[in-house]
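Novice: I am attaching a structure below and will ask some questions about it afterwards.
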Amino acid sequence: MNSILIKNAQLVNEGQIQTADVLVKDGFIHTIGQHLNAIADTTIDAKGQYLLPGVIDDQVHFRDPGLTHKADLYSEPRAAVAGGVTTFMEMPNTVPNATTQALLQQKYDTAAQKSLANYSFFMGGTNDNLAEILKTDPRTVCGIKLFMGSSTGNMLVDNVHTLEEIFAKSPMLIATHCEDEATIRANMQQATEQYGDAIPMGLHPEIRSVEACYKSSSMAVELAQKHNTRLHILHISTEEELALFRNDIPLEQKRITAEVCVHHLWFDAAQYQTLGAQIKCNPAIKEARHKQALFQGLLDNRLDIIATDHAPHTWEEKQSDTYKGAPSGLPLVQHSLQVMLAFYKQGKISLERVVEKMCHAPAICFQVEKRGFIREGYWADLVLVDLEQNLTVTKENVLYKCGWSPLEGETLPGVVTHTIVSGHLAYQNGAFDESKKGERVLFSR
């Protein structure tokens with residue numbers, strides 16, 4: 001494998017920013033230092049640019065297999081790499097659902113052939129597959145995914161006995177989607193009685209309500225505390241849920257952790273007026289007080305990780321005439337880092353904290369082996385960002401298979417100029433090198 005020497009970068013890592021050179025050899029970070037004179041196959045002068053660890057996105061939906069008209073394990077990892085995301089963890093609600101070891105392995109096999117980014121896949125839980133869950137290897141699989149809400153149809157886990165068993169016996173981290181099904185159904189029934197088929201899109205956060213989120217999240221926390229389960233609650237969307245999480249101990253010691261997604265920090269319910277179904281997702285984007293509280297929860301460490309829940313649908317699917325007909329989910333993985341850099345430029349968060357929440361914390365939370373930090377001996381997952389350049393999001397520069405973004409028209413600061421994935425210069429100034437695919441991620445468990 002080629003060697004790469006990065007010179008004169010502003011290295012952002014482990015709470016510090018310092019000028020440094022980095023030598024990459026055979027896939028790994030070989031040397032970090034000042035004025036390195038090593039001979040390398042490729043030398044990059046990064047003067048004036050910031051060198052970050054590659055972003056680890058712990059929640060994406062890449063739709064492969066079964067829904068590949070929307071996205072797949074070739075298109076979406078390319079978009080991720082262009083946005084500085086070098087590692088993703090993908091969800092099991094593909095078709096068929098990844099709820100057996102054989103189906104899970106098929107996804108790994110596909111990624112090995114197609115994915116430019118590093119990859120891991122969640123094993124899906126159902127009401128009746130505990131035996132399959134217990135076969136999951138904690139060293140080679142990121143976690144078990146439970147949908148404690150109706151977001152994905154067939155994968156709803158609502159049997160209390162099953163939930164107790166999974167929480168008691170899981171060999172590894174359980175990641176949960178938490179929305180209470182009964183509450184949502186009652187809210188939907190009420191909205192249907194009032195509006196028929198003409199339910200306004202703006203009612204989405206009332207149908208998938210604060211109460212639905214809190215009721216389910218609090219149940220998950222109670223189960224985890226009862227069984228001492230390693231629990232990670234995905235895409236927290238309400239101010240009320242923040243009370244469930246603690247910030248008085250280091251992340252390494254937490255048994256219960258939480259994630260916030262960029263769209264719940266960026267958008268609020270007022271934008272249903274202009275964006276409509278483009279920002280319809282589960283859990284719903286809610287009124288502005290929630291995004292303000294979530295940002296504070298991120299800064300005070302009640303929320304541990306920033307992710308995307310990247311969930312593309314075609315433009316045609318999103319243009320449904322009815323609220324019920326428009327699918328939930330939005331594509332975000334190409335621009336998540338830039339969204340957070342926009343908050344940095346606004347003075348809301350430091351660069352060091354962006355790196356902590358998008359790179360270090362996912363690695364710690366999931367016990368990712370030798371990734372998420374710029375350290376000698378670690379895999380070389382690295383991103384160079386030019387903060388003096390801006391990018392306006394347009395349909396023409398969106399790389400998702402679905403071909404659109406809810407951020408279109410936004411000018412975001414910071415352009416990713418180079419992305420190195422496991423020592424391979426996969427992306428450089430708009431061009432991809434697909435001669436080497438990403439690596440399967442391992443876990444120190």
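Ordered as shown in the structure tokens, chains take letters A, B, and onward, while each chain numbers its residues from 1 and ligands are numbered from 1 in the order shown.
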Give me the residues near range 122-130 of chain A as a list of chain:residue names, where near means some atom within 8 Å (using only C-alpha atoms) and where sequence neighbours in that chain fewer than 6 positions away do not count.
Specialist: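 So the residues in contact are A:Met89, A:Glu90, A:Met91, A:Pro92, A:Asn93, A:Asn97, A:Ala98, A:Thr99, A:Thr100, A:Gln101, A:Leu104, A:Thr136, A:Val141, A:Cys142, A:Gly143, A:Ile144, A:Lys145, A:Leu146, A:Phe147, A:Met155, A:Leu156, A:Val157, A:Asp158, A:Asn159, A:Thr162, A:Leu163, A:Glu165, A:Ile166.
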Novice: Within range 288-430 of chain A, find each residue whose DSSP state, derived from the backbone, is helix (DSSP H, G or I), and express the selection as JSON, numbers by chain.
Specialist: {"A": [288, 289, 290, 291, 292, 293, 294, 295, 296, 297, 298, 299, 315, 316, 317, 318, 336, 337, 338, 339, 340, 341, 342, 343, 344, 345, 351, 352, 353, 354, 355, 356, 357, 358, 359, 360, 361, 362, 363, 364, 365, 366]}
Novice: Which polymer residues have any atom within 12 Å of an atom of Tyr323 in chain A, counting only C-alpha atoms, with same-chain residues fewer than 5 positions away left out, as a ChimeraX atom specification?
Specialist: /A:188,191-192,195-204,207,272,276-281,317-318,328
Novice: Which of these residues is nearest to Phe366 in chain A, using only C-alpha atoms: A:Asp304, A:Asp109, A:Asp268, A:Glu193?
Specialist: A:Asp304
Novice: Determine, counting only C-alpha atoms, which protein, DNA and RNA residues have an atom within 8 Å of an atom of range 337-340 of chain A; residues of the same chain fewer than 6 positions away are not included. Present the result as a list of chain:residue names.
Specialist: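 Final neighbour list, sorted by chain and number: A:Val55, A:Gly83, A:Gly84, A:Val85, A:Val262, A:Trp266, A:Val354, A:Leu412, A:Pro413, A:Gly414, A:Val415.
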Novice: I need the chosen residues saved as a CSV table (one decimal), in the first residue's frame, with N, CA, C and O atoms.
Specialist:
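Dumped to selection_35.csv:
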```csv
chain,number,residue,atom,x,y,z
A,55,VAL,N,-14.7,10.9,10.4
A,55,VAL,CA,-16.0,10.9,11.1
A,55,VAL,C,-16.5,9.4,11.1
A,55,VAL,O,-16.4,8.7,10.1
A,83,GLY,N,-17.8,13.6,2.2
A,83,GLY,CA,-18.2,14.5,3.3
A,83,GLY,C,-17.3,14.3,4.6
A,83,GLY,O,-17.6,14.9,5.6
A,84,GLY,N,-16.3,13.4,4.5
A,84,GLY,CA,-15.4,13.2,5.6
A,84,GLY,C,-15.8,12.1,6.6
A,84,GLY,O,-15.2,11.9,7.6
A,85,VAL,N,-16.8,11.3,6.2
A,85,VAL,CA,-17.2,10.2,7.0
A,85,VAL,C,-16.5,9.0,6.5
A,85,VAL,O,-16.6,8.5,5.3
A,262,VAL,N,-27.8,15.4,13.3
A,262,VAL,CA,-27.6,16.8,12.8
A,262,VAL,C,-28.9,17.5,12.5
A,262,VAL,O,-29.1,18.7,12.7
A,266,TRP,N,-30.4,21.2,13.5
A,266,TRP,CA,-30.4,22.2,12.4
A,266,TRP,C,-31.8,22.7,12.1
A,266,TRP,O,-32.0,23.9,11.9
A,354,VAL,N,-16.4,19.3,18.1
A,354,VAL,CA,-17.0,18.6,16.9
A,354,VAL,C,-16.3,17.3,16.7
A,354,VAL,O,-16.9,16.3,16.5
A,412,LEU,N,-22.6,26.1,3.2
A,412,LEU,CA,-22.0,25.6,4.4
A,412,LEU,C,-20.5,25.8,4.3
A,412,LEU,O,-19.8,25.7,3.3
A,413,PRO,N,-19.9,26.1,5.5
A,413,PRO,CA,-18.4,26.4,5.5
A,413,PRO,C,-17.6,25.1,5.6
A,413,PRO,O,-18.1,24.1,6.1
A,414,GLY,N,-16.4,25.2,5.1
A,414,GLY,CA,-15.5,24.0,5.2
A,414,GLY,C,-15.7,23.1,4.1
A,414,GLY,O,-16.7,22.4,3.9
A,415,VAL,N,-14.7,22.9,3.2
A,415,VAL,CA,-14.7,22.0,2.1
A,415,VAL,C,-13.8,20.8,2.4
A,415,VAL,O,-12.6,21.1,2.8
```
Novice: For CA of Leu5 in chain A and CA of Lys114 in chain A, quote the distance in Å rounded to one decimal.
Specialist: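 Atom-to-atom, CA of Leu5 in chain A and CA of Lys114 in chain A are spaced 27.0 Å apart.
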Novice: So which residues touch His235 in chain A within 7 Å, counting only C-alpha atoms, skipping near sequence neighbours fewer than 6 positions away, as JSON, numbers by chain?
Specialist: {"A": [259, 260, 261]}
Novice: Check the smallest atom-to-atom distance from each of A:Asp248, A:Leu407, A:Val398, A:Ala117 to Glu439 in chain A using only C-alpha atoms, then report the winner.
Specialist: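 Distance minimum relative to Glu439 in chain A lands on A:Ala117.
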Novice: So which residues touch range 375-384 of chain A within 8 Å, counting only C-alpha atoms, skipping near sequence neighbours fewer than 6 positions away, as a VMD selection string?
Specialist: chain A and resid 24 27 to 32 46 49 to 54 84 86 416 to 423
Novice: Please provide as a ChimeraX atom specification all residues within 10 Å of Ala293 in chain A, with the sequence filter that same-chain residues fewer than 6 positions apart are discarded (counting only C-alpha atoms).
Specialist: /A:237-240,242,265,299
Novice: For those residues, write C-alpha atoms to a file as a PDB file, in the first residue's frame.
Specialist:
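Saved to selection-v4.pdb:
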```
ATOM      1  CA  SER A 237     -35.247  14.573  19.630  1.00  0.00           C
ATOM      2  CA  THR A 238     -36.812  16.158  22.731  1.00  0.00           C
ATOM      3  CA  GLU A 239     -35.790  18.372  25.610  1.00  0.00           C
ATOM      4  CA  GLU A 240     -37.678  16.116  28.013  1.00  0.00           C
ATOM      5  CA  LEU A 242     -32.363  14.778  28.320  1.00  0.00           C
ATOM      6  CA  LEU A 265     -29.949  20.388  15.706  1.00  0.00           C
ATOM      7  CA  LEU A 299     -22.275  20.574  25.047  1.00  0.00           C
TER       8      LEU A 299
END
```
Novice: Work out how far CA of Arg208 in chain A is from CA of Gln190 in chain A, in Å to one decimal.
Specialist: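 If I compute the distance from CA of Gln190 in chain A to CA of Arg208 in chain A, I get 12.2 Å.
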Novice: Which of these residues is nearest to Lys47 in chain A, using only C-alpha atoms: A:Lys291, A:His263, A:Lys7, A:Lys437?
Specialist: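 With only C-alpha atoms as the atom set, the closest residue is A:Lys7.
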Novice: Extract the full set of strand (DSSP E or B) residues from range 190-385 of chain A according to DSSP on the backbone, and format it as a ChimeraX atom specification.
Specialist: /A:231-233,256-261,305-307,310,368,379,382-385
Novice: Between A:His424, A:Ala220, A:Thr308, A:Thr94, which is the closest to Lys25 in chain A once you count only C-alpha atoms?
Specialist: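 Result for the nearest residue to Lys25 in chain A: A:His424.
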Novice: One decimal, Å: what's the distance from CA of Ala326 in chain A over to CA of Glu396 in chain A, could you say?
Specialist: 23.8 Å
Novice: Would you mind telling me which residue in A:Ile44, A:Leu116, A:Ala168, A:Ala212 lies nearest to Asp180 in chain A when using only C-alpha atoms?
Specialist: A:Ala212
Novice: Can you work out which one of A:Leu330, A:Leu231, A:Ala20, A:Ile249 has the shortest atom-to-atom distance to Cys365 in chain A, counting only C-alpha atoms?
Specialist: A:Leu231
